[in-house]
file upload_16.cif (mmCIF, N, CA and C atoms)
data_model
loop_
_atom_site.label_atom_id
_atom_site.label_comp_id
_atom_site.auth_asym_id
_atom_site.auth_seq_id
_atom_site.Cartn_x
_atom_site.Cartn_y
_atom_site.Cartn_z
N MET A 103 131.33 203.69 54.47
CA MET A 103 132.50 202.84 54.34
C MET A 103 132.65 202.03 55.62
N CYS A 104 132.73 200.72 55.47
CA CYS A 104 132.98 199.86 56.63
C CYS A 104 134.47 199.93 56.97
N PRO A 105 134.79 199.99 58.25
CA PRO A 105 136.19 200.11 58.65
C PRO A 105 136.95 198.78 58.57
N LEU A 106 138.26 198.88 58.56
CA LEU A 106 139.12 197.71 58.66
C LEU A 106 138.71 196.91 59.89
N ILE A 107 138.68 195.59 59.75
CA ILE A 107 138.27 194.75 60.88
C ILE A 107 139.04 193.43 60.84
N PHE A 108 139.43 192.95 62.02
CA PHE A 108 140.06 191.64 62.16
C PHE A 108 139.08 190.77 62.94
N ASP A 109 138.74 189.60 62.38
CA ASP A 109 137.72 188.74 63.02
C ASP A 109 138.31 187.52 63.72
N SER A 110 139.57 187.56 64.05
CA SER A 110 140.33 186.49 64.70
C SER A 110 140.93 185.50 63.72
N TRP A 111 140.47 185.49 62.47
CA TRP A 111 141.06 184.63 61.44
C TRP A 111 141.57 185.44 60.26
N SER A 112 140.85 186.47 59.85
CA SER A 112 141.21 187.26 58.68
C SER A 112 141.06 188.75 58.96
N CYS A 113 141.82 189.51 58.20
CA CYS A 113 141.73 190.97 58.28
C CYS A 113 141.02 191.44 57.01
N TYR A 114 139.91 192.11 57.19
CA TYR A 114 139.15 192.66 56.06
C TYR A 114 139.41 194.15 55.99
N ASN A 115 139.89 194.61 54.82
CA ASN A 115 140.18 196.03 54.63
C ASN A 115 138.91 196.87 54.64
N SER A 116 139.10 198.18 54.75
CA SER A 116 137.97 199.10 54.63
C SER A 116 137.25 198.79 53.31
N THR A 117 135.94 198.83 53.36
CA THR A 117 135.13 198.40 52.22
C THR A 117 134.01 199.41 51.96
N PRO A 118 133.78 199.76 50.70
CA PRO A 118 132.69 200.69 50.39
C PRO A 118 131.33 200.15 50.85
N ALA A 119 130.48 201.03 51.31
CA ALA A 119 129.13 200.66 51.75
C ALA A 119 128.40 199.95 50.61
N GLY A 120 127.65 198.92 50.98
CA GLY A 120 126.85 198.19 50.00
C GLY A 120 127.64 197.19 49.17
N SER A 121 128.80 196.78 49.64
CA SER A 121 129.60 195.83 48.86
C SER A 121 130.05 194.65 49.73
N ILE A 122 130.65 193.70 49.09
CA ILE A 122 131.15 192.49 49.77
C ILE A 122 132.66 192.45 49.64
N MET A 123 133.33 192.19 50.74
CA MET A 123 134.79 192.08 50.75
C MET A 123 135.15 190.61 50.86
N THR A 124 136.08 190.14 50.04
CA THR A 124 136.51 188.75 50.11
C THR A 124 137.96 188.69 50.57
N GLU A 125 138.30 187.58 51.18
CA GLU A 125 139.65 187.30 51.63
C GLU A 125 139.93 185.82 51.40
N PRO A 126 141.19 185.46 51.15
CA PRO A 126 141.50 184.03 51.03
C PRO A 126 141.15 183.31 52.34
N CYS A 127 140.73 182.08 52.21
CA CYS A 127 140.42 181.29 53.40
C CYS A 127 141.68 181.07 54.22
N PRO A 128 141.56 181.09 55.53
CA PRO A 128 142.72 180.84 56.38
C PRO A 128 143.15 179.37 56.28
N HIS A 129 144.41 179.15 56.55
CA HIS A 129 144.95 177.79 56.52
C HIS A 129 144.49 177.08 57.79
N LYS A 130 143.44 176.30 57.68
CA LYS A 130 142.87 175.56 58.80
C LYS A 130 142.57 174.13 58.36
N PRO A 131 143.62 173.30 58.16
CA PRO A 131 143.38 171.94 57.68
C PRO A 131 142.51 171.11 58.62
N GLN A 132 142.56 171.39 59.89
CA GLN A 132 141.74 170.64 60.85
C GLN A 132 140.25 170.90 60.63
N LEU A 133 139.93 172.01 59.96
CA LEU A 133 138.53 172.31 59.64
C LEU A 133 138.18 171.96 58.20
N ASN A 134 139.15 171.40 57.50
CA ASN A 134 138.98 170.99 56.11
C ASN A 134 138.74 172.19 55.18
N PHE A 135 139.39 173.31 55.48
CA PHE A 135 139.30 174.50 54.63
C PHE A 135 140.21 174.35 53.42
N HIS A 136 139.74 174.78 52.28
CA HIS A 136 140.53 174.74 51.06
C HIS A 136 141.18 176.11 50.88
N PRO A 137 142.51 176.17 50.79
CA PRO A 137 143.21 177.47 50.74
C PRO A 137 142.94 178.29 49.49
N ASN A 138 142.41 177.67 48.43
CA ASN A 138 142.12 178.44 47.21
C ASN A 138 140.72 179.05 47.22
N ASN A 139 139.93 178.74 48.22
CA ASN A 139 138.58 179.32 48.34
C ASN A 139 138.65 180.67 49.03
N THR A 140 137.55 181.38 49.02
CA THR A 140 137.52 182.70 49.67
C THR A 140 136.39 182.79 50.69
N SER A 141 136.67 183.53 51.74
CA SER A 141 135.64 183.88 52.72
C SER A 141 135.12 185.26 52.33
N TRP A 142 134.02 185.67 52.92
CA TRP A 142 133.50 187.00 52.59
C TRP A 142 132.76 187.62 53.76
N LYS A 143 132.66 188.94 53.68
CA LYS A 143 132.01 189.74 54.71
C LYS A 143 131.22 190.83 54.01
N THR A 144 130.02 191.11 54.48
CA THR A 144 129.14 192.08 53.84
C THR A 144 129.16 193.43 54.54
N CYS A 145 129.43 194.48 53.75
CA CYS A 145 129.35 195.85 54.25
C CYS A 145 127.97 196.38 53.85
N ARG A 146 127.17 196.70 54.83
CA ARG A 146 125.80 197.15 54.56
C ARG A 146 125.77 198.56 53.97
N GLU A 147 124.62 198.94 53.45
CA GLU A 147 124.44 200.26 52.82
C GLU A 147 124.76 201.42 53.77
N ASP A 148 124.59 201.19 55.08
CA ASP A 148 124.84 202.27 56.04
C ASP A 148 126.31 202.33 56.48
N GLY A 149 127.19 201.51 55.86
CA GLY A 149 128.61 201.55 56.18
C GLY A 149 128.99 200.79 57.43
N THR A 150 128.15 199.83 57.83
CA THR A 150 128.48 198.97 58.97
C THR A 150 128.55 197.53 58.48
N TRP A 151 129.35 196.73 59.14
CA TRP A 151 129.44 195.32 58.80
C TRP A 151 128.15 194.61 59.21
N TRP A 152 127.74 193.63 58.40
CA TRP A 152 126.53 192.87 58.69
C TRP A 152 126.69 192.15 60.03
N VAL A 153 125.62 192.15 60.82
CA VAL A 153 125.62 191.54 62.15
C VAL A 153 124.70 190.31 62.11
N HIS A 154 125.22 189.18 62.61
CA HIS A 154 124.43 187.95 62.63
C HIS A 154 123.30 188.10 63.64
N PRO A 155 122.06 187.76 63.26
CA PRO A 155 120.91 187.98 64.15
C PRO A 155 120.93 187.12 65.42
N VAL A 156 121.61 186.00 65.40
CA VAL A 156 121.63 185.14 66.58
C VAL A 156 122.73 185.56 67.56
N SER A 157 123.93 185.77 67.04
CA SER A 157 125.06 186.13 67.93
C SER A 157 125.11 187.63 68.24
N ASP A 158 124.45 188.43 67.40
CA ASP A 158 124.48 189.90 67.52
C ASP A 158 125.91 190.44 67.42
N ARG A 159 126.70 189.78 66.58
CA ARG A 159 128.09 190.18 66.34
C ARG A 159 128.34 190.24 64.84
N THR A 160 129.33 191.04 64.44
CA THR A 160 129.69 191.05 63.02
C THR A 160 130.06 189.64 62.62
N TRP A 161 129.77 189.29 61.36
CA TRP A 161 129.92 187.91 60.92
C TRP A 161 130.64 187.83 59.60
N SER A 162 131.60 186.93 59.52
CA SER A 162 132.31 186.63 58.28
C SER A 162 131.86 185.24 57.83
N ASN A 163 131.65 185.08 56.54
CA ASN A 163 131.17 183.80 56.02
C ASN A 163 132.36 182.92 55.63
N TYR A 164 132.62 181.91 56.44
CA TYR A 164 133.68 180.93 56.16
C TYR A 164 133.11 179.61 55.66
N THR A 165 131.80 179.54 55.46
CA THR A 165 131.21 178.30 54.96
C THR A 165 131.71 177.97 53.56
N THR A 166 132.11 178.98 52.81
CA THR A 166 132.63 178.79 51.46
C THR A 166 134.05 178.25 51.47
N CYS A 167 134.68 178.19 52.62
CA CYS A 167 136.05 177.69 52.73
C CYS A 167 136.10 176.17 52.79
N LEU A 168 135.02 175.55 53.19
CA LEU A 168 134.99 174.11 53.36
C LEU A 168 135.19 173.39 52.03
N ASP A 169 136.12 172.45 52.02
CA ASP A 169 136.36 171.63 50.83
C ASP A 169 135.35 170.49 50.85
N ILE A 170 134.22 170.70 50.23
CA ILE A 170 133.09 169.76 50.25
C ILE A 170 133.49 168.41 49.65
N GLU A 171 134.20 168.42 48.54
CA GLU A 171 134.58 167.17 47.89
C GLU A 171 135.43 166.30 48.83
N ASP A 172 136.40 166.91 49.47
CA ASP A 172 137.24 166.16 50.41
C ASP A 172 136.44 165.76 51.65
N PHE A 173 135.58 166.63 52.09
CA PHE A 173 134.76 166.35 53.27
C PHE A 173 133.86 165.14 53.01
N ASP A 174 133.25 165.09 51.83
CA ASP A 174 132.40 163.95 51.48
C ASP A 174 133.19 162.65 51.42
N PHE A 175 134.44 162.74 51.00
CA PHE A 175 135.29 161.57 50.89
C PHE A 175 135.56 160.96 52.26
N ARG A 176 135.74 161.78 53.26
CA ARG A 176 136.07 161.31 54.61
C ARG A 176 134.84 160.70 55.21
#
call {"tool": "encode", "arguments": {"input": "upload_16.cif", "output": "structure tokens"}}
result
Amino acid sequence: MCPLIFDSWSCYNSTPAGSIMTEPCPHKPQLNFHPNNTSWKTCREDGTWWVHPVSDRTWSNYTTCLDIEDFDFR
């Protein structure tokens, strides 16, 4: 079980090993985030949060928060 974690933008609850936890995207209009989209974080099979290979830190995926249609318009 991955433990509760706050990543500076969202709080992800404890999550069963081998699953993905989703949270609503944070309200960040300056980043063109769409509030109806969801971010996600992966809990690995060993009960630890996935770590990004470059930063060597736990990583939450906020790329799905970007409002592509509005971004393309600008």
call {"tool": "closest_residue", "arguments": {"input": "upload_16.cif", "among": "A:Pro137, A:Pro131, A:Pro105, A:Pro155", "to": "Pro118 (chain A)", "atoms": "all atoms listed in the file"}}
result
A:Pro105
call {"tool": "atom_distance", "arguments": {"input": "upload_16.cif", "atom1": "atom C of Thr140 (chain A)", "atom2": "atom C of Thr165 (chain A)"}}
result
7.3 Å
call {"tool": "atom_distance", "arguments": {"input": "upload_16.cif", "atom1": "atom N of Ser121 (chain A)", "atom2": "atom C of Lys143 (chain A)"}}
result
7.8 Å
call {"tool": "resolve_selection", "arguments": {"input": "upload_16.cif", "expression": "the PyMOL selection byres ((chain A and resi 162) around 6.5)", "output": "MDAnalysis selection string"}}
result
chainID A and resid 141:144 160:161 163:165
call {"tool": "resolve_selection", "arguments": {"input": "upload_16.cif", "expression": "the PyMOL selection byres (((chain A and resi 133 and name CA) around 10) and name CA)", "output": "list in words"}}
result
His129, Lys130, Pro131, Gln132, Asn134, Phe135, His136, Cys167, Leu168, Asp169 and Phe173 of chain A
call {"tool": "write_last_selection", "arguments": {"input": "upload_16.cif", "atoms": "N, CA and C atoms", "output": "PDB file, keeping the file's coordinate frame"}}
result
ATOM      1  N   HIS A 129     144.410 179.150  56.550  1.00  0.00           N
ATOM      2  CA  HIS A 129     144.950 177.790  56.520  1.00  0.00           C
ATOM      3  C   HIS A 129     144.490 177.080  57.790  1.00  0.00           C
ATOM      4  N   LYS A 130     143.440 176.300  57.680  1.00  0.00           N
ATOM      5  CA  LYS A 130     142.870 175.560  58.800  1.00  0.00           C
ATOM      6  C   LYS A 130     142.570 174.130  58.360  1.00  0.00           C
ATOM      7  N   PRO A 131     143.620 173.300  58.160  1.00  0.00           N
ATOM      8  CA  PRO A 131     143.380 171.940  57.680  1.00  0.00           C
ATOM      9  C   PRO A 131     142.510 171.110  58.620  1.00  0.00           C
ATOM     10  N   GLN A 132     142.560 171.390  59.890  1.00  0.00           N
ATOM     11  CA  GLN A 132     141.740 170.640  60.850  1.00  0.00           C
ATOM     12  C   GLN A 132     140.250 170.900  60.630  1.00  0.00           C
ATOM     13  N   ASN A 134     139.150 171.400  57.500  1.00  0.00           N
ATOM     14  CA  ASN A 134     138.980 170.990  56.110  1.00  0.00           C
ATOM     15  C   ASN A 134     138.740 172.190  55.180  1.00  0.00           C
ATOM     16  N   PHE A 135     139.390 173.310  55.480  1.00  0.00           N
ATOM     17  CA  PHE A 135     139.300 174.500  54.630  1.00  0.00           C
ATOM     18  C   PHE A 135     140.210 174.350  53.420  1.00  0.00           C
ATOM     19  N   HIS A 136     139.740 174.780  52.280  1.00  0.00           N
ATOM     20  CA  HIS A 136     140.530 174.740  51.060  1.00  0.00           C
ATOM     21  C   HIS A 136     141.180 176.110  50.880  1.00  0.00           C
ATOM     22  N   CYS A 167     134.680 178.190  52.620  1.00  0.00           N
ATOM     23  CA  CYS A 167     136.050 177.690  52.730  1.00  0.00           C
ATOM     24  C   CYS A 167     136.100 176.170  52.790  1.00  0.00           C
ATOM     25  N   LEU A 168     135.020 175.550  53.190  1.00  0.00           N
ATOM     26  CA  LEU A 168     134.990 174.110  53.360  1.00  0.00           C
ATOM     27  C   LEU A 168     135.190 173.390  52.030  1.00  0.00           C
ATOM     28  N   ASP A 169     136.120 172.450  52.020  1.00  0.00           N
ATOM     29  CA  ASP A 169     136.360 171.630  50.830  1.00  0.00           C
ATOM     30  C   ASP A 169     135.350 170.490  50.850  1.00  0.00           C
ATOM     31  N   PHE A 173     135.580 166.630  52.090  1.00  0.00           N
ATOM     32  CA  PHE A 173     134.760 166.350  53.270  1.00  0.00           C
ATOM     33  C   PHE A 173     133.860 165.140  53.010  1.00  0.00           C
TER      34      PHE A 173
END
call {"tool": "select_by_dssp", "arguments": {"input": "upload_16.cif", "residues": "chain A", "states": "alpha helix (DSSP H)", "output": "compact mmCIF listing (two decimals) with N, CA and C atoms, in the frame of the given file"}}
result
# COMPACT_ATOMS: atom_id res chain seq x y z
N ILE A 170 134.22 170.70 50.23
CA ILE A 170 133.09 169.76 50.25
C ILE A 170 133.49 168.41 49.65
N GLU A 171 134.20 168.42 48.54
CA GLU A 171 134.58 167.17 47.89
C GLU A 171 135.43 166.30 48.83
N ASP A 172 136.40 166.91 49.47
CA ASP A 172 137.24 166.16 50.41
C ASP A 172 136.44 165.76 51.65
N PHE A 173 135.58 166.63 52.09
CA PHE A 173 134.76 166.35 53.27
C PHE A 173 133.86 165.14 53.01
N ASP A 174 133.25 165.09 51.83
CA ASP A 174 132.40 163.95 51.48
C ASP A 174 133.19 162.65 51.42
N PHE A 175 134.44 162.74 51.00
CA PHE A 175 135.29 161.57 50.89
C PHE A 175 135.56 160.96 52.26
call {"tool": "select_by_dssp", "arguments": {"input": "upload_16.cif", "residues": "chain A", "states": "strand (DSSP E)", "output": "number ranges by chain"}}
result
A: 107-108, 113-114, 121-126, 140-145
call {"tool": "build_atoms", "arguments": {"input": "upload_16.cif", "residues": "region 110-121 of chain A", "atoms": "all heavy atoms", "output": "PDB file, in the frame of the given file"}}
result
ATOM      1  N   SER A 110     139.570 187.560  64.050  1.00  0.00           N
ATOM      2  CA  SER A 110     140.330 186.490  64.700  1.00  0.00           C
ATOM      3  C   SER A 110     140.930 185.500  63.720  1.00  0.00           C
ATOM      4  O   SER A 110     141.792 184.719  64.102  1.00  0.00           O
ATOM      5  CB  SER A 110     139.492 185.724  65.734  1.00  0.00           C
ATOM      6  OG  SER A 110     139.085 186.585  66.757  1.00  0.00           O
ATOM      7  N   TRP A 111     140.470 185.490  62.470  1.00  0.00           N
ATOM      8  CA  TRP A 111     141.060 184.630  61.440  1.00  0.00           C
ATOM      9  C   TRP A 111     141.570 185.440  60.260  1.00  0.00           C
ATOM     10  O   TRP A 111     142.588 185.109  59.689  1.00  0.00           O
ATOM     11  CB  TRP A 111     140.055 183.615  60.929  1.00  0.00           C
ATOM     12  CG  TRP A 111     139.870 182.423  61.811  1.00  0.00           C
ATOM     13  CD1 TRP A 111     140.571 182.106  62.939  1.00  0.00           C
ATOM     14  CD2 TRP A 111     138.928 181.384  61.634  1.00  0.00           C
ATOM     15  NE1 TRP A 111     140.113 180.944  63.478  1.00  0.00           N
ATOM     16  CE2 TRP A 111     139.091 180.466  62.693  1.00  0.00           C
ATOM     17  CE3 TRP A 111     137.951 181.139  60.686  1.00  0.00           C
ATOM     18  CZ2 TRP A 111     138.333 179.322  62.824  1.00  0.00           C
ATOM     19  CZ3 TRP A 111     137.181 179.997  60.827  1.00  0.00           C
ATOM     20  CH2 TRP A 111     137.372 179.096  61.877  1.00  0.00           C
ATOM     21  N   SER A 112     140.850 186.470  59.850  1.00  0.00           N
ATOM     22  CA  SER A 112     141.210 187.260  58.680  1.00  0.00           C
ATOM     23  C   SER A 112     141.060 188.750  58.960  1.00  0.00           C
ATOM     24  O   SER A 112     140.277 189.150  59.812  1.00  0.00           O
ATOM     25  CB  SER A 112     140.311 186.902  57.487  1.00  0.00           C
ATOM     26  OG  SER A 112     140.459 185.564  57.123  1.00  0.00           O
ATOM     27  N   CYS A 113     141.820 189.510  58.200  1.00  0.00           N
ATOM     28  CA  CYS A 113     141.730 190.970  58.280  1.00  0.00           C
ATOM     29  C   CYS A 113     141.020 191.440  57.010  1.00  0.00           C
ATOM     30  O   CYS A 113     141.471 191.160  55.906  1.00  0.00           O
ATOM     31  CB  CYS A 113     143.132 191.562  58.370  1.00  0.00           C
ATOM     32  SG  CYS A 113     143.130 193.328  58.629  1.00  0.00           S
ATOM     33  N   TYR A 114     139.910 192.110  57.190  1.00  0.00           N
ATOM     34  CA  TYR A 114     139.150 192.660  56.060  1.00  0.00           C
ATOM     35  C   TYR A 114     139.410 194.150  55.990  1.00  0.00           C
ATOM     36  O   TYR A 114     139.199 194.870  56.958  1.00  0.00           O
ATOM     37  CB  TYR A 114     137.652 192.387  56.242  1.00  0.00           C
ATOM     38  CG  TYR A 114     137.290 190.933  56.099  1.00  0.00           C
ATOM     39  CD1 TYR A 114     137.350 190.069  57.184  1.00  0.00           C
ATOM     40  CD2 TYR A 114     136.894 190.431  54.871  1.00  0.00           C
ATOM     41  CE1 TYR A 114     137.025 188.723  57.043  1.00  0.00           C
ATOM     42  CE2 TYR A 114     136.562 189.087  54.727  1.00  0.00           C
ATOM     43  CZ  TYR A 114     136.638 188.246  55.815  1.00  0.00           C
ATOM     44  OH  TYR A 114     136.320 186.933  55.679  1.00  0.00           O
ATOM     45  N   ASN A 115     139.890 194.610  54.820  1.00  0.00           N
ATOM     46  CA  ASN A 115     140.180 196.030  54.630  1.00  0.00           C
ATOM     47  C   ASN A 115     138.910 196.870  54.640  1.00  0.00           C
ATOM     48  O   ASN A 115     137.802 196.341  54.507  1.00  0.00           O
ATOM     49  CB  ASN A 115     140.920 196.239  53.313  1.00  0.00           C
ATOM     50  CG  ASN A 115     142.342 195.750  53.382  1.00  0.00           C
ATOM     51  OD1 ASN A 115     143.019 195.915  54.395  1.00  0.00           O
ATOM     52  ND2 ASN A 115     142.812 195.139  52.309  1.00  0.00           N
ATOM     53  N   SER A 116     139.100 198.180  54.750  1.00  0.00           N
ATOM     54  CA  SER A 116     137.970 199.100  54.630  1.00  0.00           C
ATOM     55  C   SER A 116     137.250 198.790  53.310  1.00  0.00           C
ATOM     56  O   SER A 116     137.897 198.536  52.296  1.00  0.00           O
ATOM     57  CB  SER A 116     138.450 200.542  54.621  1.00  0.00           C
ATOM     58  OG  SER A 116     139.089 200.837  55.827  1.00  0.00           O
ATOM     59  N   THR A 117     135.940 198.830  53.360  1.00  0.00           N
ATOM     60  CA  THR A 117     135.130 198.400  52.220  1.00  0.00           C
ATOM     61  C   THR A 117     134.010 199.410  51.960  1.00  0.00           C
ATOM     62  O   THR A 117     133.371 199.867  52.907  1.00  0.00           O
ATOM     63  CB  THR A 117     134.522 197.009  52.524  1.00  0.00           C
ATOM     64  OG1 THR A 117     135.590 196.113  52.830  1.00  0.00           O
ATOM     65  CG2 THR A 117     133.724 196.477  51.369  1.00  0.00           C
ATOM     66  N   PRO A 118     133.780 199.760  50.700  1.00  0.00           N
ATOM     67  CA  PRO A 118     132.690 200.690  50.390  1.00  0.00           C
ATOM     68  C   PRO A 118     131.330 200.150  50.850  1.00  0.00           C
ATOM     69  O   PRO A 118     131.084 198.937  50.797  1.00  0.00           O
ATOM     70  CB  PRO A 118     132.723 200.811  48.868  1.00  0.00           C
ATOM     71  CG  PRO A 118     134.109 200.409  48.478  1.00  0.00           C
ATOM     72  CD  PRO A 118     134.520 199.381  49.491  1.00  0.00           C
ATOM     73  N   ALA A 119     130.480 201.030  51.310  1.00  0.00           N
ATOM     74  CA  ALA A 119     129.130 200.660  51.750  1.00  0.00           C
ATOM     75  C   ALA A 119     128.400 199.950  50.610  1.00  0.00           C
ATOM     76  O   ALA A 119     128.547 200.301  49.443  1.00  0.00           O
ATOM     77  CB  ALA A 119     128.363 201.899  52.172  1.00  0.00           C
ATOM     78  N   GLY A 120     127.650 198.920  50.980  1.00  0.00           N
ATOM     79  CA  GLY A 120     126.850 198.190  50.000  1.00  0.00           C
ATOM     80  C   GLY A 120     127.640 197.190  49.170  1.00  0.00           C
ATOM     81  O   GLY A 120     127.188 196.795  48.104  1.00  0.00           O
ATOM     82  N   SER A 121     128.800 196.780  49.640  1.00  0.00           N
ATOM     83  CA  SER A 121     129.600 195.830  48.860  1.00  0.00           C
ATOM     84  C   SER A 121     130.050 194.650  49.730  1.00  0.00           C
ATOM     85  O   SER A 121     129.849 194.642  50.943  1.00  0.00           O
ATOM     86  CB  SER A 121     130.800 196.527  48.233  1.00  0.00           C
ATOM     87  OG  SER A 121     131.653 197.039  49.227  1.00  0.00           O
TER      88      SER A 121
END
